[in-house]
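Containing compact mmCIF, C-alpha atoms: final_39.txt.
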```txt
# COMPACT_ATOMS: atom_id res chain seq x y z
CA MET A 1 -1.34 -34.06 -7.43
CA THR A 2 1.03 -31.15 -6.85
CA SER A 3 2.16 -32.67 -3.55
CA ARG A 4 2.82 -36.03 -5.20
CA PHE A 5 4.84 -34.36 -7.96
CA ALA A 6 6.90 -32.45 -5.41
CA MET A 7 7.61 -35.64 -3.47
CA HIS A 8 8.64 -37.41 -6.67
CA ALA A 9 10.95 -34.54 -7.60
CA ALA A 10 12.46 -34.58 -4.13
CA LEU A 11 13.15 -38.32 -4.38
CA ILE A 12 14.85 -37.82 -7.74
CA MET A 13 16.98 -35.05 -6.26
CA LEU A 14 18.00 -37.23 -3.31
CA ALA A 15 18.93 -40.04 -5.67
CA MET A 16 21.05 -37.67 -7.74
CA LEU A 17 22.80 -36.37 -4.63
CA ALA A 18 23.47 -39.92 -3.45
CA SER A 19 24.89 -40.79 -6.84
CA ALA A 20 27.12 -37.71 -6.79
CA ARG A 21 28.39 -38.62 -3.32
CA ALA A 22 29.11 -42.16 -4.47
CA GLN A 23 31.11 -40.84 -7.41
CA GLN A 24 33.08 -38.60 -5.07
CA GLN A 25 34.18 -41.66 -3.13
CA THR A 26 36.36 -42.85 -6.03
CA LEU A 27 39.49 -41.36 -7.52
CA ALA A 28 39.76 -40.99 -11.27
CA ILE A 29 42.24 -43.54 -12.61
CA SER A 30 42.93 -44.35 -16.25
CA GLU A 31 44.51 -47.40 -17.87
CA ILE A 32 47.71 -46.29 -19.62
CA ALA A 33 48.89 -49.81 -20.53
CA PRO A 34 47.34 -53.26 -20.01
CA GLY A 35 46.82 -53.70 -16.27
CA VAL A 36 48.59 -50.42 -15.47
CA PHE A 37 46.59 -47.47 -14.14
CA MET A 38 47.44 -43.97 -13.01
CA HIS A 39 45.78 -41.02 -11.34
CA GLN A 40 47.22 -37.71 -12.52
CA GLY A 41 47.38 -35.28 -9.63
CA ARG A 42 46.70 -31.59 -9.96
CA ILE A 43 49.62 -29.28 -10.51
CA ALA A 44 49.04 -27.23 -7.39
CA LEU A 45 50.09 -26.87 -3.78
CA MET A 46 48.47 -29.23 -1.27
CA SER A 47 45.36 -27.66 0.24
CA SER A 48 42.03 -28.46 1.85
CA ASP A 49 40.36 -27.62 -1.46
CA ASN A 50 42.15 -30.41 -3.36
CA ASP A 51 42.45 -32.99 -0.52
CA GLY A 52 46.21 -32.93 -1.08
CA ALA A 53 45.67 -34.79 -4.37
CA ILE A 54 48.56 -33.27 -6.29
CA ALA A 55 50.89 -36.23 -6.91
CA ASN A 56 50.58 -38.94 -9.53
CA ILE A 57 49.57 -42.38 -8.28
CA GLY A 58 50.03 -45.78 -9.91
CA VAL A 59 48.24 -49.12 -9.72
CA VAL A 60 49.52 -52.32 -11.32
CA ILE A 61 47.32 -55.42 -11.41
CA GLY A 62 48.86 -58.87 -11.82
CA ASP A 63 47.28 -62.30 -12.04
CA ARG A 64 47.35 -62.78 -8.28
CA ALA A 65 47.92 -59.41 -6.63
CA VAL A 66 47.96 -55.63 -6.90
CA ALA A 67 50.69 -53.07 -6.26
CA VAL A 68 49.98 -49.43 -5.45
CA ILE A 69 52.65 -46.84 -6.18
CA ASP A 70 52.19 -43.89 -3.81
CA THR A 71 48.90 -43.22 -2.02
CA GLY A 72 48.28 -39.48 -2.24
CA GLY A 73 48.22 -36.47 0.01
CA SER A 74 45.50 -37.46 2.48
CA VAL A 75 43.74 -40.52 3.84
CA ARG A 76 40.61 -39.24 2.10
CA GLU A 77 42.41 -39.49 -1.23
CA GLY A 78 43.81 -42.88 -0.25
CA ARG A 79 40.32 -44.21 0.49
CA GLN A 80 39.03 -42.91 -2.82
CA LEU A 81 41.94 -44.65 -4.54
CA LEU A 82 41.13 -47.89 -2.72
CA ALA A 83 37.51 -47.65 -3.88
CA SER A 84 38.66 -47.13 -7.47
CA ILE A 85 40.91 -50.19 -7.28
CA ARG A 86 38.04 -52.27 -5.93
CA ALA A 87 35.91 -51.14 -8.86
CA HIS A 88 38.47 -52.82 -11.16
CA THR A 89 39.57 -55.89 -9.17
CA ASP A 90 39.08 -57.79 -5.92
CA LYS A 91 42.64 -59.17 -5.96
CA PRO A 92 44.61 -58.51 -2.78
CA ILE A 93 46.71 -55.36 -2.54
CA ARG A 94 49.98 -56.99 -1.61
CA TYR A 95 52.36 -54.05 -1.97
CA VAL A 96 52.21 -50.32 -1.36
CA ILE A 97 55.38 -48.75 -2.73
CA ASN A 98 56.28 -45.23 -1.62
CA THR A 99 58.60 -43.58 -4.13
CA HIS A 100 59.94 -41.26 -1.39
CA GLY A 101 58.90 -39.62 1.87
CA HIS A 102 57.08 -36.43 0.87
CA PRO A 103 53.52 -35.96 2.19
CA ASP A 104 51.78 -35.65 -1.19
CA HIS A 105 52.97 -39.17 -2.02
CA MET A 106 52.34 -41.03 1.24
CA PHE A 107 49.80 -39.27 3.48
CA GLY A 108 47.24 -41.74 2.10
CA ASN A 109 49.11 -44.81 3.41
CA ALA A 110 46.76 -45.40 6.35
CA ALA A 111 43.95 -46.27 3.94
CA PHE A 112 45.92 -49.36 2.87
CA VAL A 113 47.04 -50.76 6.22
CA ALA A 114 45.76 -54.36 6.23
CA ASP A 115 46.91 -57.89 6.93
CA GLY A 116 49.09 -59.13 4.11
CA THR A 117 49.95 -55.69 2.72
CA GLU A 118 53.64 -54.82 2.69
CA PHE A 119 54.83 -51.22 2.57
CA VAL A 120 57.92 -50.94 0.40
CA GLY A 121 60.42 -48.08 0.45
CA HIS A 122 64.02 -46.98 0.23
CA MET A 123 66.33 -48.22 2.98
CA ARG A 124 66.71 -44.60 4.13
CA LEU A 125 62.98 -43.87 4.18
CA PRO A 126 62.40 -44.93 7.83
CA GLN A 127 65.01 -42.47 9.05
CA ALA A 128 63.63 -39.70 6.83
CA LEU A 129 60.15 -40.23 8.26
CA ALA A 130 61.43 -40.43 11.83
CA VAL A 131 63.14 -37.06 11.40
CA ARG A 132 60.44 -35.24 9.43
CA GLY A 133 57.17 -37.10 9.97
CA GLN A 134 55.84 -35.06 12.89
CA TYR A 135 56.95 -31.83 11.23
CA TYR A 136 54.96 -32.75 8.13
CA LEU A 137 51.86 -33.52 10.20
CA ASP A 138 52.07 -30.23 12.09
CA ALA A 139 52.81 -28.12 9.01
CA PHE A 140 50.02 -29.57 6.89
CA ARG A 141 47.53 -29.45 9.74
CA ARG A 142 47.99 -25.69 9.62
CA SER A 143 47.53 -25.47 5.85
CA MET A 144 45.00 -28.26 5.23
CA GLY A 145 43.01 -28.39 8.47
CA ASP A 146 42.13 -30.97 11.09
CA ALA A 147 39.50 -32.76 9.00
CA LEU A 148 42.09 -33.99 6.49
CA ILE A 149 45.05 -34.48 8.81
CA ASP A 150 43.36 -36.19 11.80
CA ASP A 151 43.31 -39.54 9.96
CA VAL A 152 46.85 -39.33 8.60
CA ARG A 153 49.39 -41.69 10.09
CA ILE A 154 53.08 -41.88 9.26
CA VAL A 155 53.33 -45.46 7.99
CA PRO A 156 56.99 -46.47 7.46
CA PRO A 157 58.04 -49.24 5.07
CA THR A 158 57.97 -52.81 6.30
CA ARG A 159 60.19 -53.94 3.42
CA LEU A 160 63.30 -51.96 2.54
CA VAL A 161 65.01 -51.58 -0.82
CA ASP A 162 68.80 -51.47 -1.04
CA GLY A 163 69.79 -51.78 -4.68
CA GLU A 164 66.96 -53.58 -6.49
CA LEU A 165 63.95 -55.55 -5.31
CA VAL A 166 61.85 -57.79 -7.58
CA LEU A 167 58.15 -58.09 -6.75
CA ASP A 168 55.98 -60.79 -8.32
CA LEU A 169 52.30 -59.95 -8.80
CA GLY A 170 51.59 -63.18 -10.66
CA GLY A 171 52.50 -63.16 -14.35
CA ARG A 172 53.87 -59.68 -13.84
CA THR A 173 57.17 -58.51 -12.36
CA LEU A 174 57.96 -55.13 -10.89
CA ILE A 175 61.54 -53.97 -10.33
CA VAL A 176 61.89 -51.47 -7.50
CA LYS A 177 65.22 -49.63 -7.64
CA ALA A 178 66.72 -47.49 -4.87
CA TRP A 179 68.69 -44.45 -6.04
CA PRO A 180 71.39 -42.33 -4.41
CA THR A 181 70.39 -38.98 -2.94
CA ALA A 182 68.99 -36.80 -5.74
CA HIS A 183 65.54 -35.25 -5.60
CA SER A 184 65.46 -36.51 -2.00
CA ASP A 185 67.48 -38.98 0.04
CA SER A 186 64.93 -41.80 -0.33
CA ASP A 187 63.95 -42.03 -4.03
CA VAL A 188 62.91 -45.30 -5.64
CA THR A 189 61.54 -46.05 -9.10
CA VAL A 190 59.19 -48.85 -10.10
CA PHE A 191 59.49 -50.56 -13.50
CA ASP A 192 56.76 -52.82 -14.87
CA THR A 193 58.61 -55.24 -17.12
CA ALA A 194 55.45 -56.43 -18.87
CA THR A 195 54.51 -53.05 -20.34
CA LYS A 196 57.84 -51.21 -19.97
CA THR A 197 56.16 -48.56 -17.85
CA LEU A 198 58.37 -46.63 -15.44
CA PHE A 199 56.95 -44.99 -12.33
CA ALA A 200 59.68 -42.45 -11.59
CA GLY A 201 58.30 -40.67 -8.57
CA ASP A 202 59.79 -37.20 -8.15
CA LEU A 203 62.99 -38.07 -9.95
CA VAL A 204 60.99 -36.87 -12.97
CA PHE A 205 58.83 -33.74 -13.20
CA LEU A 206 56.85 -32.50 -16.19
CA ARG A 207 55.05 -29.12 -16.25
CA HIS A 208 55.45 -28.89 -12.44
CA ILE A 209 58.83 -27.29 -11.67
CA PRO A 210 61.32 -29.81 -10.23
CA VAL A 211 61.64 -29.62 -6.44
CA LEU A 212 65.07 -30.05 -4.87
CA ASP A 213 65.24 -31.69 -1.45
CA GLY A 214 68.47 -33.62 -1.95
CA SER A 215 71.52 -32.87 -4.10
CA ILE A 216 71.43 -31.00 -7.40
CA GLN A 217 74.88 -32.31 -8.38
CA ALA A 218 73.88 -35.91 -7.70
CA TRP A 219 70.52 -35.47 -9.46
CA LEU A 220 72.24 -34.26 -12.63
CA LYS A 221 74.71 -37.16 -12.53
CA LEU A 222 71.89 -39.62 -12.02
CA LEU A 223 69.90 -38.53 -15.10
CA ASP A 224 71.99 -40.56 -17.56
CA ASP A 225 71.57 -43.74 -15.53
CA LEU A 226 67.86 -43.01 -15.25
CA ALA A 227 67.58 -42.45 -19.01
CA ALA A 228 69.23 -45.84 -19.64
CA LEU A 229 66.30 -47.72 -18.08
CA PRO A 230 64.53 -49.72 -20.83
CA ALA A 231 61.16 -48.03 -20.45
CA GLU A 232 58.80 -46.92 -23.21
CA ARG A 233 56.72 -44.54 -21.11
CA VAL A 234 57.10 -42.79 -17.78
CA VAL A 235 54.67 -41.77 -15.10
CA PRO A 236 56.42 -38.79 -13.48
CA GLY A 237 55.81 -37.78 -9.90
CA HIS A 238 53.94 -34.76 -11.27
CA GLY A 239 52.70 -34.10 -14.79
CA PRO A 240 51.40 -36.20 -17.69
CA VAL A 241 52.49 -39.70 -18.69
CA SER A 242 55.11 -39.27 -21.42
CA ASP A 243 57.47 -41.06 -23.80
CA TRP A 244 60.79 -42.22 -22.38
CA PRO A 245 63.52 -41.00 -22.19
CA GLN A 246 62.45 -37.81 -24.00
CA ALA A 247 60.54 -36.84 -20.86
CA LEU A 248 63.82 -35.97 -19.11
CA ALA A 249 64.79 -33.16 -21.48
CA ALA A 250 63.01 -30.24 -19.80
CA GLU A 251 64.03 -31.30 -16.29
CA ARG A 252 67.66 -31.68 -17.34
CA ARG A 253 67.61 -28.21 -18.90
CA TYR A 254 66.18 -26.61 -15.75
CA LEU A 255 68.60 -28.33 -13.37
CA GLU A 256 71.61 -27.52 -15.58
CA THR A 257 70.51 -23.89 -15.88
CA LEU A 258 70.02 -23.58 -12.13
CA ALA A 259 73.28 -25.34 -11.29
CA SER A 260 75.48 -23.40 -13.70
CA GLY A 261 74.06 -20.04 -12.65
CA ILE A 262 74.33 -20.66 -8.92
CA ARG A 263 77.81 -22.15 -9.20
CA LYS A 264 78.99 -19.01 -11.03
CA ASP A 265 77.39 -16.77 -8.40
CA VAL A 266 79.16 -18.68 -5.62
CA ILE A 267 82.51 -18.41 -7.41
CA ASP A 268 81.92 -14.69 -7.96
CA GLY A 269 81.16 -14.21 -4.27
CA LYS A 270 77.61 -13.07 -4.85
CA PRO A 271 75.60 -13.29 -1.59
CA ILE A 272 72.86 -15.91 -1.37
CA ALA A 273 69.99 -13.40 -1.27
CA GLU A 274 71.13 -11.84 -4.53
CA ALA A 275 72.02 -15.12 -6.21
CA THR A 276 68.70 -16.79 -5.51
CA LYS A 277 66.56 -13.79 -6.42
CA HIS A 278 67.10 -14.19 -10.17
CA ALA A 279 68.26 -17.81 -10.36
CA ALA A 280 67.26 -19.76 -13.49
CA GLU A 281 65.29 -16.74 -14.71
CA ALA A 282 65.37 -18.09 -18.28
CA GLU A 283 63.18 -20.98 -17.09
CA ARG A 284 60.38 -18.71 -15.85
CA GLY A 285 57.29 -19.30 -17.95
CA LYS A 286 58.34 -22.85 -18.81
CA TRP A 287 57.14 -24.36 -15.53
CA GLU A 288 54.05 -24.18 -13.37
CA LEU A 289 54.60 -23.22 -9.69
CA PHE A 290 57.92 -21.57 -10.61
CA ASP A 291 57.54 -18.83 -8.02
CA ASP A 292 56.59 -21.33 -5.32
CA TYR A 293 59.75 -23.44 -5.60
CA ASN A 294 62.52 -21.83 -7.65
CA VAL A 295 64.00 -19.66 -4.89
CA ARG A 296 63.89 -22.63 -2.53
CA ASN A 297 65.68 -24.76 -5.12
CA ALA A 298 68.27 -22.04 -5.65
CA THR A 299 68.86 -21.70 -1.91
CA ALA A 300 69.48 -25.44 -1.59
CA ALA A 301 71.80 -25.42 -4.60
CA TYR A 302 73.75 -22.42 -3.26
CA SER A 303 74.40 -24.13 0.06
CA GLN A 304 75.71 -27.21 -1.77
CA PHE A 305 78.03 -25.29 -4.12
CA GLU A 306 79.46 -23.31 -1.21
CA TRP A 307 81.08 -26.54 -0.03
CA GLU A 308 81.97 -27.95 -3.44
```
Please express what this file holds, its structure, as structure tokens.
Amino acid sequence: MTSRFAMHAALIMLAMLASARAQQQTLAISEIAPGVFMHQGRIALMSSDNDGAIANIGVVIGDRAVAVIDTGGSVREGRQLLASIRAHTDKPIRYVINTHGHPDHMFGNAAFVADGTEFVGHMRLPQALAVRGQYYLDAFRRSMGDALIDDVRIVPPTRLVDGELVLDLGGRTLIVKAWPTAHSDSDVTVFDTATKTLFAGDLVFLRHIPVLDGSIQAWLKLLDDLAALPAERVVPGHGPVSDWPQALAAERRYLETLASGIRKDVIDGKPIAEATKHAAEAERGKWELFDDYNVRNATAAYSQFEWE
């Protein structure tokens, strides 16, 4: 009797473990508007502990097809995303749109390579990936480990955006817009006209400190044009879904504070090491990961204002 009970308990435990594993194979996505889903990434640095799952990801389901907006920071995350999509629909995934070329947004691309799937990106994205792709693979292999990086492939866009591109999912239209150099040199946004939902990629940050990999002057100039988009809500590249355009306020404040301070330091002849050490100090405490990115942002801004 005792032996039978132990065997029964063991079977229950195995079933529970199998169920837990099955749940781990999907990525948590929530419906934020009819047919529009998002996964909110952690506000953290990419690591083996979080599978690189730090960026927000979008899924839009039309009558005939599906579009995925960014694929995450590892193929493992990409596969979990694919499983989550399949739990909601069996419609073909026709488009994978990469909002820009940073690893946390596109290391999951390989999970979506299939006949009939187009990869969509900024016209400058292929060049950005050609220049930086191998560097990204090598750098994140060191920080994330072979198990996560072995499956990653740099998958460039097969359809390029210069200006605007309209994608039809069947009863649902997405407008993909290419922007001038700002956060990076290959930023696009995705606007779902049916629900007025804007996927802004890393042109918009909330809670997570903005990260500068392009031009701070151009980014600030671009904010008014971005704010004019007729959206009701925004999915930022990092942080919670928020009302539009109010979501831009904190980012604008940070970039203006950083720019004005660094420009003054350059004019005053303050050396870069001194200028960047206390840059945008008033913003400390208002952003997560401030110490991980602020000096880097200040260094990039200083180099730009030197040649202004």
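Ranking A:Ala280, A:Leu129, A:Ala67, A:Leu255 by their shortest atom-to-atom distance to Phe107 (chain A), with only C-alpha atoms included, puts A:Leu129 first.
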Worksheet item: Which distance in Å separates CA of Gly108 (chain A) and CA of Gly163 (chain A), to one decimal?
Response: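 Those two atoms sit 25.6 Å apart.
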Item to complete: Quick one: everything within 12 Å of Gly78 (chain A), counting all atoms listed in the file, minus sequence neighbours fewer than 3 positions away in the same chain. Send it as number ranges by chain.
Response: A: 25-28, 39, 51-53, 55, 57-58, 68-75, 81-85, 96, 104-113, 148, 151-153
Worksheet entry | For Leu212 (chain A), the nearest of the candidates A:Tyr302, A:Tyr136, A:Trp179, A:Phe191, counting all atoms listed in the file | A:Tyr302
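Closest approach to Ser143 (chain A) among A:Ala227, A:Ala273, A:Ala279, A:Met46 is made by A:Met46 (distances from only C-alpha atoms).
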Worksheet item: With distances taken over all atoms listed in the file, which of A:Asn56, A:Gln217, A:Asn98, A:Gln127 is nearest to Val190 (chain A)?
Response: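 Between A:Asn56, A:Gln217, A:Asn98, A:Gln127, the residue approaching Val190 (chain A) most closely is A:Asn98.
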Worksheet item: Within 8 Å of Ile149 (chain A), counting only C-alpha atoms, which residues qualify if same-chain residues fewer than 4 places away don't, as a list in words?
Response: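 Non-adjacent residues within range: Ser74, Val75, Leu137, Phe140, Arg141, Met144 and Gly145 of chain A.
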Can you report as AutoDock Vina command-line options the centre and edge lengths in Å, to one decimal, of an axis-aligned box around the listed atoms of region 200-212 of chain A padded with 6 Å on each side?
```
--center_x 60.1 --center_y -34.9 --center_z -10.6 --size_x 22.0 --size_y 27.2 --size_z 23.4
```
Worksheet entry | Protein and nucleic acid residues near (45.5, -60.2, -9.2) (cut-off 12 Å, only C-alpha atoms) as an MDAnalysis selection string | chainID A and resid 35 59:67 85:86 88:95 168:172
Could you save the residues just selected, with C-alpha atoms, as a CSV table (one decimal), keeping the file's coordinate frame?
```csv
chain,number,residue,atom,x,y,z
A,35,GLY,CA,46.8,-53.7,-16.3
A,59,VAL,CA,48.2,-49.1,-9.7
A,60,VAL,CA,49.5,-52.3,-11.3
A,61,ILE,CA,47.3,-55.4,-11.4
A,62,GLY,CA,48.9,-58.9,-11.8
A,63,ASP,CA,47.3,-62.3,-12.0
A,64,ARG,CA,47.4,-62.8,-8.3
A,65,ALA,CA,47.9,-59.4,-6.6
A,66,VAL,CA,48.0,-55.6,-6.9
A,67,ALA,CA,50.7,-53.1,-6.3
A,85,ILE,CA,40.9,-50.2,-7.3
A,86,ARG,CA,38.0,-52.3,-5.9
A,88,HIS,CA,38.5,-52.8,-11.2
A,89,THR,CA,39.6,-55.9,-9.2
A,90,ASP,CA,39.1,-57.8,-5.9
A,91,LYS,CA,42.6,-59.2,-6.0
A,92,PRO,CA,44.6,-58.5,-2.8
A,93,ILE,CA,46.7,-55.4,-2.5
A,94,ARG,CA,50.0,-57.0,-1.6
A,95,TYR,CA,52.4,-54.0,-2.0
A,168,ASP,CA,56.0,-60.8,-8.3
A,169,LEU,CA,52.3,-60.0,-8.8
A,170,GLY,CA,51.6,-63.2,-10.7
A,171,GLY,CA,52.5,-63.2,-14.4
A,172,ARG,CA,53.9,-59.7,-13.8
```
Item to complete: Please work out which residues fall within 6 Å of (45.1, -32.2, -8.9), coordinates as given in the file, with only C-alpha atoms counting, and return them as a ChimeraX atom specification.
Response: /A:41-43,53-54
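Proximity of A:Glu274, A:Asp146, A:Asp162, A:His102 to Gly133 (chain A), computed with only C-alpha atoms, is greatest for A:His102.
Interatomic distance, CA of Leu125 (chain A) against CA of His238 (chain A): 20.1 Å.
As for CA of Ala231 (chain A) and CA of Glu283 (chain A), they are spaced 27.3 Å apart.
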Worksheet entry | Nearest-residue call for Ile267 (chain A), choices A:Val166, A:Arg284, A:Ala182, A:Phe305, using all atoms listed in the file |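 Of the candidates, the smallest distance to Ile267 (chain A) is held by A:Phe305.
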Close residues, Asp225 (chain A) itself excluded, 12 Å, all atoms listed in the file, min 4 positions apart in chain, as an mmCIF file with C-alpha atoms, keeping the file's coordinate frame:
```cif
data_model
loop_
_atom_site.group_PDB
_atom_site.id
_atom_site.type_symbol
_atom_site.label_atom_id
_atom_site.label_comp_id
_atom_site.auth_asym_id
_atom_site.auth_seq_id
_atom_site.Cartn_x
_atom_site.Cartn_y
_atom_site.Cartn_z
ATOM 1 C CA LYS A 177 65.220 -49.630 -7.640
ATOM 2 C CA TRP A 179 68.690 -44.450 -6.040
ATOM 3 C CA PRO A 180 71.390 -42.330 -4.410
ATOM 4 C CA LEU A 203 62.990 -38.070 -9.950
ATOM 5 C CA ALA A 218 73.880 -35.910 -7.700
ATOM 6 C CA TRP A 219 70.520 -35.470 -9.460
ATOM 7 C CA LEU A 220 72.240 -34.260 -12.630
ATOM 8 C CA LYS A 221 74.710 -37.160 -12.530
ATOM 9 C CA LEU A 229 66.300 -47.720 -18.080
ATOM 10 C CA PRO A 230 64.530 -49.720 -20.830
ATOM 11 C CA PRO A 245 63.520 -41.000 -22.190
ATOM 12 C CA LEU A 248 63.820 -35.970 -19.110
#
```
Item to complete: Tell me which protein, DNA and RNA residues are within 7 Å of Ala178 (chain A), counting only C-alpha atoms, leaving out same-chain ones fewer than 5 positions away, and put them as a list in words.
Response: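 Selected residues are His122, Val161, Asp162, Gly163, Glu164, Asp187, Val188 and Thr189 of chain A.
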Item to complete: Excluding Ser184 (chain A) and residues on its chain fewer than 6 positions from it, collect all residues at most 8 Å away from it, counting all atoms listed in the file, and give them as a PyMOL selection string.
Response: chain A and resi 100+212-215
